[in-house]
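Asker: Here you go, this is model_23.cif (mmCIF, C-alpha atoms).
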```cif
data_query
loop_
_atom_site.label_atom_id
_atom_site.label_comp_id
_atom_site.auth_asym_id
_atom_site.auth_seq_id
_atom_site.Cartn_x
_atom_site.Cartn_y
_atom_site.Cartn_z
CA MET N 1 0.00 0.00 0.00
CA MET N 2 1.78 3.10 -1.25
CA THR N 3 0.47 6.41 0.02
CA LYS N 4 1.49 9.90 -1.00
CA PRO N 5 4.34 11.20 1.16
CA TYR N 6 3.44 14.09 3.44
CA PHE N 7 6.90 15.61 3.47
CA ARG N 8 8.64 15.67 0.12
CA THR N 9 11.12 18.50 0.50
CA VAL N 10 12.46 20.67 3.27
CA TYR N 11 9.88 23.35 2.40
CA ASP N 12 7.01 21.05 3.47
CA VAL N 13 8.36 20.98 7.02
CA PRO N 14 6.43 23.34 9.35
CA ARG N 15 8.40 26.21 10.87
CA GLU N 16 6.87 26.01 14.35
CA GLU N 17 9.21 24.69 17.02
CA TYR N 18 7.79 22.74 19.95
CA LEU N 19 11.17 21.93 21.48
CA ALA N 20 12.61 25.03 23.10
CA PRO N 21 16.34 25.74 22.95
CA GLY N 22 18.39 25.82 26.13
CA HIS N 23 18.23 22.09 26.84
CA GLY N 24 21.31 20.29 28.07
CA LEU N 25 21.88 17.69 25.36
CA CYS N 26 25.54 17.41 24.33
CA ALA N 27 26.68 19.64 21.49
CA GLY N 28 26.16 17.56 18.37
CA CYS N 29 23.60 15.17 19.89
CA THR N 30 21.29 14.00 17.13
CA ALA N 31 18.53 13.24 19.66
CA GLY N 32 17.75 16.97 19.53
CA THR N 33 17.25 16.73 15.78
CA ILE N 34 15.01 13.67 16.11
CA VAL N 35 12.82 15.10 18.89
CA LYS N 36 12.56 18.49 17.20
CA LEU N 37 11.40 16.94 13.92
CA LEU N 38 9.07 14.53 15.76
CA LEU N 39 7.31 17.45 17.45
CA LYS N 40 7.05 19.31 14.14
CA VAL N 41 5.11 16.31 12.79
CA THR N 42 2.89 15.79 15.82
CA GLY N 43 2.02 19.44 16.44
CA PRO N 44 0.67 20.93 19.65
CA ASN N 45 -2.10 18.38 20.37
CA THR N 46 0.35 15.86 21.73
CA ILE N 47 1.12 14.19 25.01
CA VAL N 48 4.65 12.90 25.33
CA VAL N 49 5.47 10.10 27.75
CA ASN N 50 9.21 10.07 28.22
CA ALA N 51 11.05 7.18 29.84
CA THR N 52 14.23 7.91 31.75
CA GLY N 53 17.10 8.50 29.38
CA CYS N 54 19.26 11.17 27.82
CA VAL N 55 16.36 13.15 26.38
CA GLU N 56 14.42 13.14 29.65
CA VAL N 57 17.38 14.13 31.82
CA SER N 58 18.71 16.87 29.60
CA THR N 59 15.47 18.52 28.48
CA THR N 60 14.00 18.92 31.97
CA PRO N 61 16.55 20.10 34.53
CA PHE N 62 14.08 21.21 37.22
CA PRO N 63 12.54 23.88 37.22
CA TYR N 64 13.06 24.23 33.49
CA THR N 65 11.54 22.32 30.61
CA SER N 66 12.24 22.44 26.90
CA TRP N 67 8.89 20.93 25.96
CA LYS N 68 6.10 23.10 24.64
CA VAL N 69 3.66 20.15 24.68
CA PRO N 70 2.26 18.25 27.71
CA TRP N 71 5.00 15.94 28.90
CA ILE N 72 5.37 13.37 31.65
CA HIS N 73 8.47 11.66 32.91
CA VAL N 74 8.10 8.05 34.00
CA ALA N 75 10.52 5.39 35.09
CA PHE N 76 12.71 3.38 32.75
CA GLU N 77 10.37 0.44 32.51
CA ASN N 78 6.86 1.87 32.20
CA ALA N 79 6.76 4.44 29.40
CA ALA N 80 4.52 2.16 27.32
CA ALA N 81 2.30 1.33 30.30
CA VAL N 82 1.76 4.99 31.21
CA ALA N 83 1.10 5.86 27.57
CA SER N 84 -1.55 3.07 27.47
CA GLY N 85 -3.15 4.51 30.59
CA ILE N 86 -3.25 8.02 29.15
CA GLU N 87 -4.77 6.73 25.93
CA SER N 88 -7.50 4.85 27.84
CA ALA N 89 -8.18 7.86 30.07
CA ILE N 90 -8.64 10.11 27.05
CA LYS N 91 -11.01 7.54 25.53
CA VAL N 92 -13.12 7.61 28.71
CA LEU N 93 -13.09 11.41 28.92
CA LYS N 94 -14.21 11.57 25.30
CA ALA N 95 -17.02 9.09 25.97
CA LYS N 96 -18.18 11.18 28.95
CA GLY N 97 -18.13 14.31 26.80
CA ILE N 98 -15.52 16.12 28.91
CA ILE N 99 -13.15 16.31 25.93
CA ASP N 100 -14.52 17.02 22.45
CA PRO N 101 -14.79 13.50 20.89
CA THR N 102 -13.61 14.73 17.49
CA LYS N 103 -10.41 16.24 18.92
CA ARG N 104 -7.31 14.40 17.81
CA ILE N 105 -4.77 13.88 20.56
CA ASN N 106 -1.51 12.19 19.69
CA ILE N 107 0.14 10.10 22.38
CA ILE N 108 3.84 9.51 21.97
CA ALA N 109 5.96 7.24 24.11
CA LEU N 110 9.59 8.25 23.77
CA ALA N 111 12.32 6.00 25.11
CA GLY N 112 15.93 5.19 24.53
CA ASP N 113 17.42 1.81 23.79
CA GLY N 114 17.90 0.91 27.46
CA GLY N 115 14.29 1.73 28.21
CA THR N 116 13.08 -0.35 25.27
CA TYR N 117 15.42 -3.25 24.52
CA ASP N 118 16.04 -4.22 28.13
CA ILE N 119 14.05 -2.57 30.90
CA GLY N 120 10.86 -1.41 29.22
CA PHE N 121 10.31 -4.41 27.01
CA GLN N 122 7.50 -6.13 28.87
CA ALA N 123 5.48 -2.90 29.15
CA LEU N 124 6.03 -2.29 25.43
CA SER N 125 4.99 -5.83 24.52
CA GLY N 126 1.89 -5.49 26.69
CA MET N 127 0.93 -2.20 25.08
CA LEU N 128 1.28 -3.67 21.60
CA GLU N 129 -0.77 -6.72 22.54
CA ARG N 130 -3.58 -4.61 24.04
CA GLY N 131 -3.60 -2.47 20.89
CA HIS N 132 -3.51 1.03 22.38
CA LYS N 133 -3.31 3.81 19.83
CA VAL N 134 0.12 5.06 20.87
CA MET N 135 3.18 5.79 18.77
CA TYR N 136 6.31 4.43 20.43
CA VAL N 137 9.46 6.19 19.29
CA LEU N 138 12.74 4.52 20.16
CA TYR N 139 15.87 6.63 19.75
CA ASP N 140 18.66 4.12 19.67
CA ASN N 141 22.10 5.36 20.68
CA GLU N 142 23.24 1.79 21.24
CA ALA N 143 24.16 1.93 24.95
CA TYR N 144 23.10 3.50 28.26
CA MET N 145 24.69 6.84 27.36
CA ASN N 146 22.91 8.81 30.06
CA THR N 147 24.45 6.86 32.96
CA GLY N 148 27.92 6.63 31.44
CA ILE N 149 28.02 4.33 28.41
CA GLN N 150 27.08 0.88 29.73
CA ARG N 151 26.19 -1.88 27.29
CA SER N 152 22.55 -2.48 26.41
CA GLY N 153 20.70 -4.98 24.26
CA GLY N 154 21.10 -2.50 21.43
CA THR N 155 24.88 -2.29 21.51
CA PRO N 156 26.37 -3.80 18.35
CA VAL N 157 28.98 -6.52 18.44
CA TYR N 158 32.63 -5.40 19.08
CA ALA N 159 31.54 -1.97 20.32
CA TRP N 160 33.45 -0.56 23.26
CA THR N 161 31.44 0.46 26.33
CA THR N 162 32.51 0.84 29.96
CA THR N 163 31.03 -2.56 30.81
CA THR N 164 32.40 -4.26 27.68
CA PRO N 165 35.97 -2.93 27.77
CA VAL N 166 38.65 -3.67 25.21
CA GLY N 167 41.59 -5.64 26.54
CA LYS N 168 43.73 -8.66 25.75
CA ILE N 169 40.85 -11.15 25.86
CA LEU N 170 37.64 -9.19 25.42
CA LYS N 171 37.31 -7.01 22.35
CA GLY N 172 34.23 -5.00 23.15
CA LYS N 173 30.75 -6.50 23.22
CA VAL N 174 30.59 -10.21 22.51
CA GLN N 175 26.88 -10.55 21.66
CA GLN N 176 24.92 -9.33 18.67
CA LYS N 177 22.46 -6.44 18.59
CA LYS N 178 18.88 -7.47 19.30
CA PRO N 179 16.60 -6.99 16.25
CA ILE N 180 13.99 -5.06 18.22
CA ALA N 181 11.99 -3.71 15.26
CA GLU N 182 11.51 -7.26 13.96
CA ILE N 183 10.48 -8.46 17.41
CA VAL N 184 7.92 -5.64 17.52
CA ALA N 185 6.78 -6.46 13.98
CA ALA N 186 6.13 -10.02 15.16
CA HIS N 187 3.39 -8.59 17.42
CA ARG N 188 1.47 -7.99 14.13
CA ILE N 189 0.81 -4.32 14.90
CA PRO N 190 -0.35 -2.01 12.06
CA TYR N 191 2.84 -0.01 11.62
CA VAL N 192 6.53 -0.66 12.35
CA ALA N 193 9.39 1.29 10.82
CA THR N 194 13.08 1.97 11.19
CA ALA N 195 14.24 5.50 10.43
CA ASN N 196 17.35 7.61 10.26
CA PRO N 197 17.74 11.34 10.97
CA GLY N 198 20.09 11.56 7.99
CA TYR N 199 17.03 11.06 5.78
CA PHE N 200 14.76 13.55 7.51
CA ALA N 201 11.84 13.48 5.04
CA ASP N 202 11.69 9.69 5.22
CA MET N 203 11.82 9.83 9.02
CA MET N 204 9.10 12.48 9.27
CA ASN N 205 6.84 10.60 6.85
CA LYS N 206 7.20 7.54 9.07
CA PHE N 207 6.26 9.55 12.16
CA LYS N 208 3.22 10.88 10.28
CA LYS N 209 2.17 7.40 9.15
CA GLY N 210 2.64 6.07 12.66
CA LEU N 211 0.23 8.71 13.97
CA GLU N 212 -2.34 8.04 11.25
CA VAL N 213 -2.80 4.30 11.77
CA GLU N 214 -5.50 2.97 14.08
CA GLY N 215 -3.62 1.06 16.73
CA PRO N 216 -0.09 0.96 18.07
CA SER N 217 2.85 1.97 15.94
CA PHE N 218 6.58 1.75 16.53
CA VAL N 219 9.37 3.78 14.95
CA HIS N 220 12.96 2.80 15.64
CA VAL N 221 15.39 5.66 14.98
CA ILE N 222 19.16 5.41 15.00
CA GLN N 223 20.76 8.22 16.99
CA PRO N 224 24.54 8.73 16.71
CA CYS N 225 25.89 9.71 20.14
CA THR N 226 28.98 11.89 20.08
CA THR N 227 29.99 11.03 23.66
CA GLY N 228 29.46 7.29 23.58
CA TRP N 229 30.44 6.53 20.01
CA LYS N 230 33.44 8.88 20.35
CA PHE N 231 33.35 10.97 17.23
CA ASP N 232 33.71 14.66 16.43
CA PRO N 233 30.30 16.28 17.19
CA ARG N 234 30.03 17.63 13.66
CA TYR N 235 29.78 14.14 12.11
CA GLY N 236 26.47 13.18 13.79
CA ILE N 237 24.30 13.29 10.69
CA VAL N 238 27.15 12.10 8.42
CA LEU N 239 27.43 8.95 10.54
CA ALA N 240 23.68 8.42 10.55
CA ARG N 241 23.69 8.56 6.77
CA LEU N 242 26.77 6.32 6.54
CA ALA N 243 24.96 3.68 8.59
CA THR N 244 22.39 3.40 5.81
CA GLU N 245 24.91 3.76 2.99
CA THR N 246 26.95 0.85 4.33
CA GLY N 247 23.88 -1.36 4.79
CA LEU N 248 24.32 -1.61 8.56
CA TRP N 249 21.05 0.24 9.08
CA ILE N 250 18.24 -0.49 6.65
CA ASN N 251 15.33 1.96 6.55
CA TRP N 252 12.23 -0.17 6.18
CA GLU N 253 8.60 -0.05 7.14
CA GLN N 254 5.94 -2.66 7.62
CA GLU N 255 2.45 -1.38 7.07
CA GLU N 256 -0.42 -3.85 7.53
CA GLY N 257 1.98 -6.73 6.93
CA GLN N 258 3.48 -5.20 3.77
CA PHE N 259 7.26 -5.00 4.06
CA ARG N 260 8.92 -2.20 2.14
CA VAL N 261 12.42 -0.70 2.07
CA THR N 262 11.95 3.07 1.93
CA VAL N 263 15.53 4.22 1.35
CA THR N 264 17.17 2.22 -1.40
CA VAL N 265 20.95 2.16 -1.65
CA PRO N 266 22.05 1.47 -5.24
CA ARG N 267 25.79 1.42 -4.43
CA ARG N 268 26.76 0.21 -1.00
CA LYS N 269 29.86 1.44 0.86
CA HIS N 270 32.23 -0.74 2.90
CA VAL N 271 31.52 -0.78 6.64
CA LYS N 272 35.07 0.45 7.35
CA HIS N 273 33.96 3.98 6.34
CA TYR N 274 31.43 3.87 9.16
CA PHE N 275 33.85 2.38 11.69
CA GLU N 276 36.84 4.62 11.05
CA LEU N 277 34.96 7.72 12.24
CA GLN N 278 34.12 6.18 15.62
CA GLY N 279 36.40 5.77 18.63
CA ARG N 280 34.35 2.89 20.06
CA PHE N 281 35.43 0.70 17.11
CA SER N 282 39.06 1.94 16.94
CA HIS N 283 40.40 -1.40 18.23
CA LEU N 284 38.98 -3.41 15.31
CA THR N 285 41.45 -5.32 13.14
CA GLU N 286 41.11 -5.79 9.37
CA GLU N 287 39.87 -9.38 9.85
CA GLU N 288 37.20 -8.32 12.34
CA ILE N 289 35.95 -5.59 9.98
CA GLU N 290 35.81 -8.14 7.14
CA ALA N 291 33.87 -10.52 9.39
CA ILE N 292 31.33 -7.78 10.11
CA GLN N 293 31.18 -6.95 6.38
CA LYS N 294 30.32 -10.60 5.63
CA GLU N 295 27.48 -10.50 8.15
CA VAL N 296 26.18 -7.25 6.63
CA ASP N 297 26.31 -8.86 3.16
CA LEU N 298 24.22 -11.79 4.42
CA GLU N 299 21.68 -9.43 6.03
CA VAL N 300 21.44 -7.37 2.82
CA ASP N 301 20.86 -10.58 0.83
CA ARG N 302 18.11 -11.57 3.24
CA ILE N 303 16.39 -8.17 2.91
CA ASN N 304 16.68 -8.25 -0.90
CA LYS N 305 15.13 -11.73 -0.98
CA LEU N 306 12.35 -10.58 1.34
CA VAL N 307 11.50 -7.63 -0.88
CA GLY N 308 11.92 -9.68 -4.07
CA ARG N 309 14.26 -7.29 -5.87
CA THR N 310 17.61 -5.60 -5.28
CA VAL N 311 16.88 -2.64 -3.00
CA ILE N 312 20.29 -2.55 -1.34
CA GLY N 313 22.91 -2.72 -4.06
CA PRO N 314 26.29 -4.45 -4.27
CA LEU N 315 29.38 -3.37 -2.36
CA VAL N 316 31.19 -0.74 -4.43
CA GLU N 317 33.75 1.22 -2.44
CA MET O 1 22.72 36.98 30.12
CA THR O 2 20.90 36.56 33.42
CA GLN O 3 18.92 33.55 34.49
CA GLU O 4 15.53 33.63 36.21
CA LYS O 5 15.56 33.57 40.00
CA LEU O 6 14.87 30.05 41.23
CA LEU O 7 11.85 29.46 43.48
CA GLY O 8 12.11 28.17 47.03
CA TRP O 9 10.46 24.91 48.03
CA LYS O 10 7.44 26.67 49.55
CA GLU O 11 6.74 28.62 46.36
CA LEU O 12 7.03 25.68 43.94
CA PRO O 13 3.84 24.31 42.33
CA ARG O 14 2.40 21.09 43.75
CA GLY O 15 3.94 17.90 42.46
CA GLY O 16 6.88 19.81 41.05
CA SER O 17 4.96 20.59 37.87
CA ILE O 18 6.56 23.10 35.55
CA LEU O 19 3.85 25.57 34.62
CA LYS O 20 5.65 27.49 31.88
CA PRO O 21 6.19 25.28 28.81
CA GLY O 22 9.47 25.83 27.07
CA ASN O 23 11.00 27.91 29.87
CA SER O 24 14.44 26.44 29.22
CA GLU O 25 14.74 29.38 26.83
CA SER O 26 16.08 31.31 29.81
CA ARG O 27 19.09 28.99 30.01
CA TYR O 28 21.65 30.27 27.57
CA THR O 29 23.74 27.39 26.31
CA GLY O 30 25.68 29.60 23.91
CA ASP O 31 28.61 29.81 26.32
CA TRP O 32 29.42 26.11 25.70
CA ARG O 33 30.81 27.07 22.33
CA THR O 34 34.44 27.37 21.24
CA PHE O 35 33.80 27.72 17.51
CA LYS O 36 30.84 29.49 16.00
CA PRO O 37 29.05 29.04 12.66
CA VAL O 38 28.54 32.17 10.60
CA ILE O 39 26.13 31.97 7.66
CA LEU O 40 27.41 33.75 4.56
CA GLN O 41 24.10 35.12 3.29
CA ASP O 42 25.45 35.71 -0.23
CA LYS O 43 26.61 32.14 -0.69
CA CYS O 44 23.59 30.52 1.02
CA THR O 45 21.12 28.84 -1.36
CA ARG O 46 18.34 28.49 1.31
CA CYS O 47 18.32 24.71 1.10
CA LEU O 48 17.55 24.75 4.87
CA ARG O 49 19.66 21.64 5.61
CA CYS O 50 21.24 23.47 8.58
CA TRP O 51 17.81 24.36 9.93
CA ILE O 52 16.72 20.71 9.70
CA VAL O 53 19.78 19.24 11.43
CA CYS O 54 20.30 21.84 14.18
CA PRO O 55 19.56 19.92 17.39
CA GLU O 56 19.03 22.96 19.61
CA PRO O 57 17.13 24.43 17.61
CA ALA O 58 19.38 27.50 17.28
CA ILE O 59 18.94 28.08 13.55
CA TYR O 60 15.75 29.85 12.51
CA VAL O 61 14.04 30.70 9.23
CA ILE O 62 12.90 34.32 9.24
CA ASP O 63 10.66 36.15 6.76
CA GLU O 64 13.21 38.69 5.69
CA PRO O 65 13.75 39.10 1.95
CA TYR O 66 17.35 39.09 0.84
CA THR O 67 18.99 39.89 -2.48
CA THR O 68 22.47 38.49 -2.98
CA LYS O 69 25.30 40.44 -4.60
CA SER O 70 24.79 38.44 -7.80
CA GLY O 71 21.14 39.54 -7.90
CA ARG O 72 19.44 36.36 -6.68
CA GLN O 73 16.30 37.10 -4.66
CA PHE O 74 15.10 35.11 -1.68
CA LYS O 75 11.88 35.59 0.27
CA PHE O 76 13.39 34.41 3.55
CA SER O 77 16.69 34.23 5.40
CA VAL O 78 18.33 31.79 7.76
CA GLU O 79 19.74 33.03 11.04
CA VAL O 80 21.78 31.55 13.90
CA ASN O 81 20.80 32.42 17.47
CA TYR O 82 24.13 32.63 19.29
CA ASP O 83 22.45 32.65 22.70
CA TYR O 84 21.77 28.93 22.25
CA CYS O 85 24.17 27.62 19.58
CA LYS O 86 26.49 25.11 21.29
CA GLY O 87 28.89 25.08 18.39
CA CYS O 88 28.67 21.41 17.41
CA GLY O 89 29.34 22.14 13.73
CA MET O 90 26.72 19.79 12.32
CA CYS O 91 25.36 22.66 10.16
CA VAL O 92 28.84 23.35 8.80
CA GLU O 93 29.31 19.70 7.88
CA GLU O 94 25.87 19.49 6.24
CA CYS O 95 26.10 22.75 4.27
CA GLU O 96 26.34 21.69 0.63
CA PRO O 97 27.39 25.09 -0.88
CA LYS O 98 29.91 25.66 1.99
CA ALA O 99 28.09 28.82 3.01
CA ILE O 100 28.76 28.48 6.74
CA ASP O 101 32.07 29.71 8.12
CA TRP O 102 33.54 28.10 11.21
CA ILE O 103 35.21 30.78 13.29
CA GLU O 104 36.95 30.48 16.66
CA GLU O 105 35.28 32.48 19.44
CA GLU O 106 37.18 35.38 20.92
CA LYS O 107 37.17 36.28 24.58
#
```
Rewrite the structure from the file as C-alpha cells, please.
Answerer:
Amino acid sequence: MMTKPYFRTVYDVPREEYLAPGHGLCAGCTAGTIVKLLLKVTGPNTIVVNATGCVEVSTTPFPYTSWKVPWIHVAFENAAAVASGIESAIKVLKAKGIIDPTKRINIIALAGDGGTYDIGFQALSGMLERGHKVMYVLYDNEAYMNTGIQRSGGTPVYAWTTTTPVGKILKGKVQQKKPIAEIVAAHRIPYVATANPGYFADMMNKFKKGLEVEGPSFVHVIQPCTTGWKFDPRYGIVLARLATETGLWINWEQEEGQFRVTVTVPRRKHVKHYFELQGRFSHLTEEEIEAIQKEVDLEVDRINKLVGRTVIGPLVE
Amino acid sequence: MTQEKLLGWKELPRGGSILKPGNSESRYTGDWRTFKPVILQDKCTRCLRCWIVCPEPAIYVIDEPYTTKSGRQFKFSVEVNYDYCKGCGMCVEECEPKAIDWIEEEK
C-alpha cells in the first residue's frame, strides 16, 4: 500500500518549534534533531510520555523544561504502560463528553534503547498486545549513554562500552544487537518502521504514518551519540547517513503486513567507512571488519530476498 | 545573560509541575561554544539543511527578503541564534554550498 508522502522536500516541514532551545543535550547530539522533527510532525495536540534517558534528563533540569507540549516523565520500565493509561483515560473522557470526541490527541511514548530493549520491554509488549493507539518512538544510541556508556541490548557486536571494555581477551561487546523492530513487527501491529535522521523526510513521513494508523505503531530511529560513540560532534548526521549507505542500518517499514524498504541504496559502501569515524570501534582489526562486512552482506541478501528485488545494491567502495 | 531567580520549596507548584512550557529558553547554552558558525548570506542557497539538522534548535528561518550580490532574490533568510548555539558544527558539515564559516570564538 503506497500512500502519498506528506513531506517531500524541506519546504514542506512546518516552521513552528515545539522543542525550546536551552536544553542540556551534548553539542552535536542527534537526539535533539530527532525530537525536534518529531514534534514538528505531531504538532501541539500531543502528550509525550518520556522514559528515563538522555532526552528526559537533559530537556527537563528542574525547574526548566524544553517541551512546549504536555510531557510526563516516567521510570525506565513503564513508558509504554503509562502511555496506554493516558490513551485509555482520554477515551473515557471523550465518551463522557468532557473532551470534544472529534479532537485528535496524539500520544507519543519516547524512550531510549535501554528503556526499550532491556528494561521497558515487557510494558512495550503489553501495550502492543492490548492495541492502544500510541506511537512508540525509540531513539537508539546503542548503549546507556545517560548513565555513562554501559552496554545495552542495542549495543552492536565489538563496540566498546565501559562494561564491555577492550583488553587482551575481550574485544568489546561479545553478543549481537537485538533486532527489536523485527520483534515488535512479530506482534502484528499495524505499523513498524526503522528511520534515520540523515534522511529527515523519510523519518518524518514515518512519524506521520505512525500517527495516522488505528492502533499501536513503533518507529525505531538510530541516533549517533557523540559522547558514547566517540566521534567529532560535527559528524552526527554524516554517521547516521553512513549507517544506511553501508547497509548496517536499513530503513524499512511494515504497514499492515506489507514490508517495504523506503531508502534504497544502489551502491553500498564498505563498513570500514562507518567504523573509522568512531572511537568505540578503533580497536577493530582488518579481519574483524571483514567478518562484520560478511554479516552485513548476508543481512542485505536476506532483505533483498524478502522484498523480491535488489533494494540494497552491491558493495562498491 | 541573566537567568531567572529560582523558586524556594514553599513557592514551587504542587507535584513539582513546571507551569511554563518551554521555559528552558532562559538557560543560555551559547557559552558552551568554542567555535561558531557564521552563515554567509550571499553564498547561502536556502536549502535549509542546517535548519533541519540543528539539534538545539538555534537556527531559525525568518521572513526577511534578501537579495544576494549576484542579484538572486530570496523571500526568507536563515539566522543563527548565538544565545543557544552550542557550536557542534553539524550545520557546517551538512552545508552543501559551503556557506557556513567556522570561526573560533574570541574572549
Asker: Within 12 Å of Val265 of chain N, counting only C-alpha atoms, which residues show up once you throw out same-chain ones fewer than 3 positions away? Write them as a list in words, please.
Answerer: Arg241, Leu242, Ala243, Thr244, Glu245, Thr246, Gly247, Leu248, Trp249, Ile250, Asn251, Trp252, Val261, Thr262, Arg268, Lys269, Val300, Asn304, Thr310, Val311, Ile312, Gly313, Pro314, Leu315 and Val316 of chain N
Asker: Do you know which residues the PyMOL selection byres ((chain O) within 8 of (chain N)) returns on this file, as a VMD selection string?
Answerer: chain O and resid 6 16 18 20 to 29 47 to 49 52 to 58 61 84 86 to 94
Asker: Around the point (26.8, 36.4, -1.6) in the file's coordinates, collect all residues with an atom within 7 Å, using all atoms listed in the file, and return them as a list of chain:residue names.
Answerer: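 Collected hits near the coordinates: O:Leu40, O:Gln41, O:Asp42, O:Lys43, O:Thr68, O:Lys69, O:Ser70.
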Asker: Spell out the residues picked by the PyMOL selection byres ((chain O and resi 100-103) around 6) here, as an MDAnalysis selection string.
Answerer: chainID O and resid 35:40 92 98:99 104
Asker: Could you save those same residues with C-alpha atoms as a PDB file, keeping the file's coordinate frame?
Answerer:
```
ATOM      1  CA  PHE O  35      33.800  27.720  17.510  1.00  0.00           C
ATOM      2  CA  LYS O  36      30.840  29.490  16.000  1.00  0.00           C
ATOM      3  CA  PRO O  37      29.050  29.040  12.660  1.00  0.00           C
ATOM      4  CA  VAL O  38      28.540  32.170  10.600  1.00  0.00           C
ATOM      5  CA  ILE O  39      26.130  31.970   7.660  1.00  0.00           C
ATOM      6  CA  LEU O  40      27.410  33.750   4.560  1.00  0.00           C
ATOM      7  CA  VAL O  92      28.840  23.350   8.800  1.00  0.00           C
ATOM      8  CA  LYS O  98      29.910  25.660   1.990  1.00  0.00           C
ATOM      9  CA  ALA O  99      28.090  28.820   3.010  1.00  0.00           C
ATOM     10  CA  GLU O 104      36.950  30.480  16.660  1.00  0.00           C
TER      11      GLU O 104
END
```
Asker: Which is closest to Ala195 of chain N among N:Ile169, N:Ile119, N:Ile222, N:Val137, if we use all atoms listed in the file?
Answerer: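 With all atoms listed in the file as the atom set, the closest residue is N:Ile222.
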Asker: Starting from the displayed file, determine the output of the PyMOL selection byres ((chain O and resi 73) around 12) and express the residue list as a list in words.
Answerer: Gln41, Asp42, Cys44, Thr45, Arg46, Glu64, Pro65, Tyr66, Thr67, Thr68, Lys69, Ser70, Gly71, Arg72, Phe74, Lys75, Phe76 and Ser77 of chain O
Asker: As an exercise, work out the distance from atom CA of Lys107 of chain O to atom CA of Cys85 of chain O in Å and give it to one decimal place.
Answerer: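 A separation of 16.4 Å between them.
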Asker: May I ask for the distance between atom CA of Glu290 of chain N and atom CA of Gln175 of chain N, given in Å to one decimal place?
Answerer: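 For atom CA of Glu290 of chain N relative to atom CA of Gln175 of chain N, the distance reads 17.2 Å.
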Asker: Report, in Å to a single decimal, how far apart atom CA of Ala111 of chain N and atom CA of Gln293 of chain N are.
Answerer: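 Answer for the atom CA of Gln293 of chain N to atom CA of Ala111 of chain N separation: 29.6 Å.
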Asker: Quick one: residues within 10 Å of segment 177-193 of chain N, all atoms listed in the file, excluding same-chain residues fewer than 5 positions away - as an MDAnalysis selection string?
Answerer: chainID N and resid 113 116:118 121 124:126 128:129 131 135:138 142 152:157 203 206:207 209:221 250:262
Asker: Set up a box along x, y and z of the file covering all listed atoms of segment 45-61 of chain O, add 4 Å on every one of the six sides, and write the centre and edge lengths in Å to one decimal, as AutoDock Vina command-line options.
Answerer:
```
--center_x 17.6 --center_y 25.0 --center_z 9.1 --size_x 15.2 --size_y 19.5 --size_z 29.0
```
Asker: Select, from N:Val307, N:Ile289, N:Cys54, N:Ala89, the residue with the minimum atom-to-atom distance to Tyr144 of chain N, counting only C-alpha atoms.
Answerer: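 Of the candidates, the smallest distance to Tyr144 of chain N is held by N:Cys54.
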Asker: With all atoms listed in the file as the basis for distance, which of N:Ala123, N:Ile108, N:Ala80, N:Leu277 is at the shortest distance from Val41 of chain N?
Answerer: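 Result for the nearest residue to Val41 of chain N: N:Ile108.
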Asker: Which residue gives the smallest distance to Val78 of chain O among O:Thr34, O:Glu11, O:Ile59, O:Glu106, with only C-alpha atoms counted?
Answerer: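 Among the listed residues, the smallest separation from Val78 of chain O belongs to O:Ile59.
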